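Trainee: Provided herewith is a single structure, encoded as structure tokens, for subsequent inquiry.
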Amino acid sequence: MCGIVGYIGQQQALPFLLDGLSHLEYRGYDSAGVAVLNDGTLTVVKAKGRLTELQARLHQYHTQGSVGIGHTRWATHGAPSDENAHPHVSKSGRYAVVHNGIIENYATLKDELMKNGVTFQSDTDTEVVAQLLDAYTDLDLLSAVRKVIARLEGSFALAVLDRNTPDTLVVARQDSPLVVGFGEDGYYLASDIPALLPYTRTVSFMEDGELALLTLNGVTFYHGEELFEKEQTTIDWDMDAAEMGGYAHFMAKEMHEEPSVLKKTLRRGAFHFDKRPDYIHIVACGSAYHVGMIGKYVIEKLARIPVFVDIASEYRYRDPIITENTLVTVISQSGETADTLAALREAKRRGARVLGIVNVVGSTIARESDEVFYISAGPEIAVATTKAYSAQLLAIYRMALALAGKDEADLSDLPQKVSAVLEKADETHAAAKRFFDAQSIFYIGRGVDYALAMEGSLKLKEISYIHSEAYGAGELKHGTISLIEEGSLVIALCTDRGLLSKMVSNIREVQSRGAVVIAVTQEGCESELSMADIVWTIPKTNNLFGCL
């Protein structure tokens, strides 16, 4: 996952490039770089590390120009380094390229280029794009890019500068998001909307197989070589939602936005199903996959419809069985998750009806789904999803109740209950100070709490880089308990009152191995968990909905 920005217009490009990258830094922290074009001079500056490292290095340069591209990197090919940072420049020095995605046939292309005398400066897959462009120097930039992408296999969002074409920027998309913005003083490019919000709300979402030619006079879109008119969309997100608003970091801000986001998601129109599906497939990645796991428990319990949950990257490879009345539900915050989008297309190819649960209006998954439910979370910038995860979960709850023909009374007070939990932050801060040097942490749970344990473990790994695992509590005896040793921290999720006695047995089981236990349960159950070292409570709620 990487972040891309670009600008062409009447203003200096560098201020937008740096500001845009600051809004996309959550997409990559390994390195950052910019390329700015000015009267045929191409200036490329890049640095390993956070964006601040690039900003410090830029003080050594007088970077002027009204055309530029920028990149923040999360390494996929080649270790984090100055050399592997984007933009990459061709051997001739004529072209500069930034890229998000993976070029799957880069090794074959690189071998071919090296046999022709090309020397590579990096270990990345992206550099083959820059070096291939040198083979088409007799063509204009747009035609050269067409020739190159015809040879690429994999996913890419590309932005390319040509020092011989000073007032032109060419971009192309295949399975990686790109958004073009239309401003009063120029045209913008980004891989995600937050980078554009301070500058424009009018955008076009590029689709697979499309290219765009950005000049001072406008933006021209192509599908292959065919010119076409592209629809523009107005983004209605509140600009304040993309700023930190006095919080120490975006994750804290977005956690505290959860109650208001849940209220908005409750106000969205209800789910309507003209025909009750025989089977439901839920397909997603990461945290959204964990939402799907909880959805399986809730939908099957309430609506009695069989639910299958798949990791999106595996779905299309397992030859899924899709009947005439199978509903495939895909969940994605961005609406651009490549594996989830590929699964959606496979499901539609097999004749399934597809419901998309997404956050970004106009995103690819939203456009390609037969029906879409928007979760109204606004821009989510922190690396670990918080408000979008909760809103996705609430959407799944609403879906389950609609399929069961039940009202939503049990959901109406969830925003207030989330607020009550956020007010207990001092309890979690104290525990964090106590256990900050833990080397390995285990989450255990049963039923919906097992799926919640998977999400908690993922959050911990994403944010702290501490090793963590989640296990079904009933599986401890089957080998897992051997990992528990004196002082191991175990977080036991006990929000389902009906399974509390079972969890008590599991807590005693890990304590017999020397574990320190934090138990999470509903108010009123504290006495039953008195053996735990720490007990945190959430407000009383329906057993199925405590995961929020």
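The way I read the labels, and the way they are meant: chains A, B, ... in the order of the structure tokens, residue 1 as the first residue of every chain, and ligand 1 as the first ligand shown, with later ones counted on from there.
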Could you pull out the strand (DSSP E) residues of region 13-151 of chain A, going by DSSP on the backbone, and write them as an NGL selection string?
Mentor: :A and (31-38 or 41-48 or 67-73 or 88-89 or 95-103)
Trainee: Residues within 7 Å of Trp536 (chain A), please, as a list of chain:residue names. Count only C-alpha atoms; anything in the same chain fewer than 3 positions from it doesn't count.
Mentor: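 The residues that qualify are A:Ala519, A:Val520, A:Thr521.
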Trainee: Next, write the just-selected residues to a file, as an mmCIF file, in the first residue's frame, keeping all heavy atoms as the atom set.
Mentor:
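Contents of the output file out-v3.cif:
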```cif
data_model
loop_
_atom_site.group_PDB
_atom_site.id
_atom_site.type_symbol
_atom_site.label_atom_id
_atom_site.label_comp_id
_atom_site.auth_asym_id
_atom_site.auth_seq_id
_atom_site.Cartn_x
_atom_site.Cartn_y
_atom_site.Cartn_z
ATOM 1 N N ALA A 519 -9.860 -9.362 31.698
ATOM 2 C CA ALA A 519 -11.159 -9.847 31.220
ATOM 3 C C ALA A 519 -12.031 -8.662 30.832
ATOM 4 O O ALA A 519 -12.052 -7.633 31.524
ATOM 5 C CB ALA A 519 -11.848 -10.668 32.299
ATOM 6 N N VAL A 520 -12.747 -8.802 29.721
ATOM 7 C CA VAL A 520 -13.677 -7.775 29.245
ATOM 8 C C VAL A 520 -15.072 -8.390 29.255
ATOM 9 O O VAL A 520 -15.299 -9.428 28.626
ATOM 10 C CB VAL A 520 -13.316 -7.290 27.835
ATOM 11 C CG1 VAL A 520 -14.271 -6.175 27.402
ATOM 12 C CG2 VAL A 520 -11.872 -6.808 27.771
ATOM 13 N N THR A 521 -15.994 -7.756 29.985
ATOM 14 C CA THR A 521 -17.324 -8.333 30.117
ATOM 15 C C THR A 521 -18.369 -7.239 30.232
ATOM 16 O O THR A 521 -18.037 -6.044 30.269
ATOM 17 C CB THR A 521 -17.392 -9.255 31.359
ATOM 18 O OG1 THR A 521 -18.604 -10.001 31.336
ATOM 19 C CG2 THR A 521 -17.272 -8.450 32.646
#
```
Trainee: If you measure from CA of Phe308 (chain A) to CA of Arg349 (chain A), what distance in Å do you get, rounded to one decimal?
Mentor: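 Interatomic distance, CA of Phe308 (chain A) to CA of Arg349 (chain A): 18.4 Å.
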Trainee: Which residue, A:Leu483, A:Val179, A:Ala492, A:Ala402, has the smallest gap to Gly362 (chain A) when you use only C-alpha atoms?
Mentor: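 Closest residue, counting only C-alpha atoms: A:Val179.
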Trainee: Using only C-alpha atoms, which of A:Arg276, A:Glu258, A:Lys387, A:Ile69 sits nearest Ala420 (chain A)?
Mentor: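 For Ala420 (chain A), the nearest of the candidates is A:Glu258.
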Trainee: Hey, what's within 9 Å of Glu225 (chain A) if we count only C-alpha atoms and toss same-chain stuff fewer than 6 positions away? As a PyMOL selection string, please?
Mentor: chain A and resi 143+146+211
Trainee: In terms of the shortest atom-to-atom distance over only C-alpha atoms, which of A:Thr63, A:Ser155, A:Ser482, A:Thr119 is closest to Asn105 (chain A)?
Mentor: A:Ser155
Trainee: Could you give me, as a short mmCIF file (atom, residue, chain, number, x, y, z; two decimals) with N, CA and C atoms, in the first residue's frame, the residues within 12 Å of Arg434 (chain A), counting only C-alpha atoms and dropping anything in the same chain fewer than 2 positions from it?
Mentor:
```cif
data_model
loop_
_atom_site.label_atom_id
_atom_site.label_comp_id
_atom_site.auth_asym_id
_atom_site.auth_seq_id
_atom_site.Cartn_x
_atom_site.Cartn_y
_atom_site.Cartn_z
N GLU A 427 -8.57 3.67 32.25
CA GLU A 427 -8.35 2.28 32.61
C GLU A 427 -7.41 1.60 31.62
N THR A 428 -7.65 1.83 30.34
CA THR A 428 -6.81 1.18 29.33
C THR A 428 -5.43 1.81 29.28
N HIS A 429 -5.34 3.12 29.52
CA HIS A 429 -4.03 3.77 29.55
C HIS A 429 -3.17 3.19 30.67
N ALA A 430 -3.77 2.95 31.83
CA ALA A 430 -3.03 2.38 32.95
C ALA A 430 -2.50 1.00 32.62
N ALA A 431 -3.34 0.20 31.96
CA ALA A 431 -2.90 -1.15 31.58
C ALA A 431 -1.79 -1.08 30.53
N ALA A 432 -1.91 -0.14 29.61
CA ALA A 432 -0.88 0.01 28.58
C ALA A 432 0.48 0.32 29.21
N PHE A 436 3.40 -2.40 28.54
CA PHE A 436 3.94 -1.90 27.28
C PHE A 436 5.12 -2.72 26.76
N ASP A 437 5.83 -3.41 27.66
CA ASP A 437 7.01 -4.15 27.22
C ASP A 437 6.72 -5.64 27.02
N ALA A 438 5.44 -6.00 26.96
CA ALA A 438 5.08 -7.40 26.72
C ALA A 438 5.62 -7.84 25.36
N GLY A 487 3.78 -14.92 33.38
CA GLY A 487 3.76 -13.51 33.02
C GLY A 487 3.14 -13.20 31.67
N LEU A 489 0.55 -12.20 28.97
CA LEU A 489 -0.68 -11.43 29.06
C LEU A 489 -1.74 -12.06 28.16
N VAL A 516 -1.20 -13.59 33.14
CA VAL A 516 -1.90 -12.44 33.69
C VAL A 516 -3.09 -12.18 32.78
N ILE A 518 -6.54 -10.02 31.58
CA ILE A 518 -7.49 -8.91 31.52
C ILE A 518 -8.78 -9.46 30.95
N ILE A 534 -7.43 -8.11 35.99
CA ILE A 534 -8.08 -6.84 35.68
C ILE A 534 -9.40 -7.17 35.00
#
```
Trainee: When distances are computed from only C-alpha atoms, which of A:Val383, A:Ile365, A:Ile491, A:Ala404 shows the smallest separation from Ala342 (chain A)?
Mentor: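 Among the listed residues, A:Ile365 lies closest to Ala342 (chain A).
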Trainee: CA of Thr323 (chain A) and CA of Leu544 (chain A), how far apart in Å?
Mentor: 28.4 Å
Trainee: Counting only C-alpha atoms, figure out which residue out of A:Pro379, A:Gly40, A:Pro306, A:Gly33 gets nearest to Arg57 (chain A).
Mentor: A:Gly33
Trainee: With distances taken over only C-alpha atoms, which of A:Asp407, A:Glu475, A:Glu486, A:Glu526 is nearest to Lys502 (chain A)?
Mentor: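 Of the candidates, the smallest distance to Lys502 (chain A) is held by A:Glu475.
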Trainee: Work out how far apart CA of Ala212 (chain A) and CA of Tyr188 (chain A) are and give it in Å to one decimal.
Mentor: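 Those two atoms sit 11.6 Å apart.
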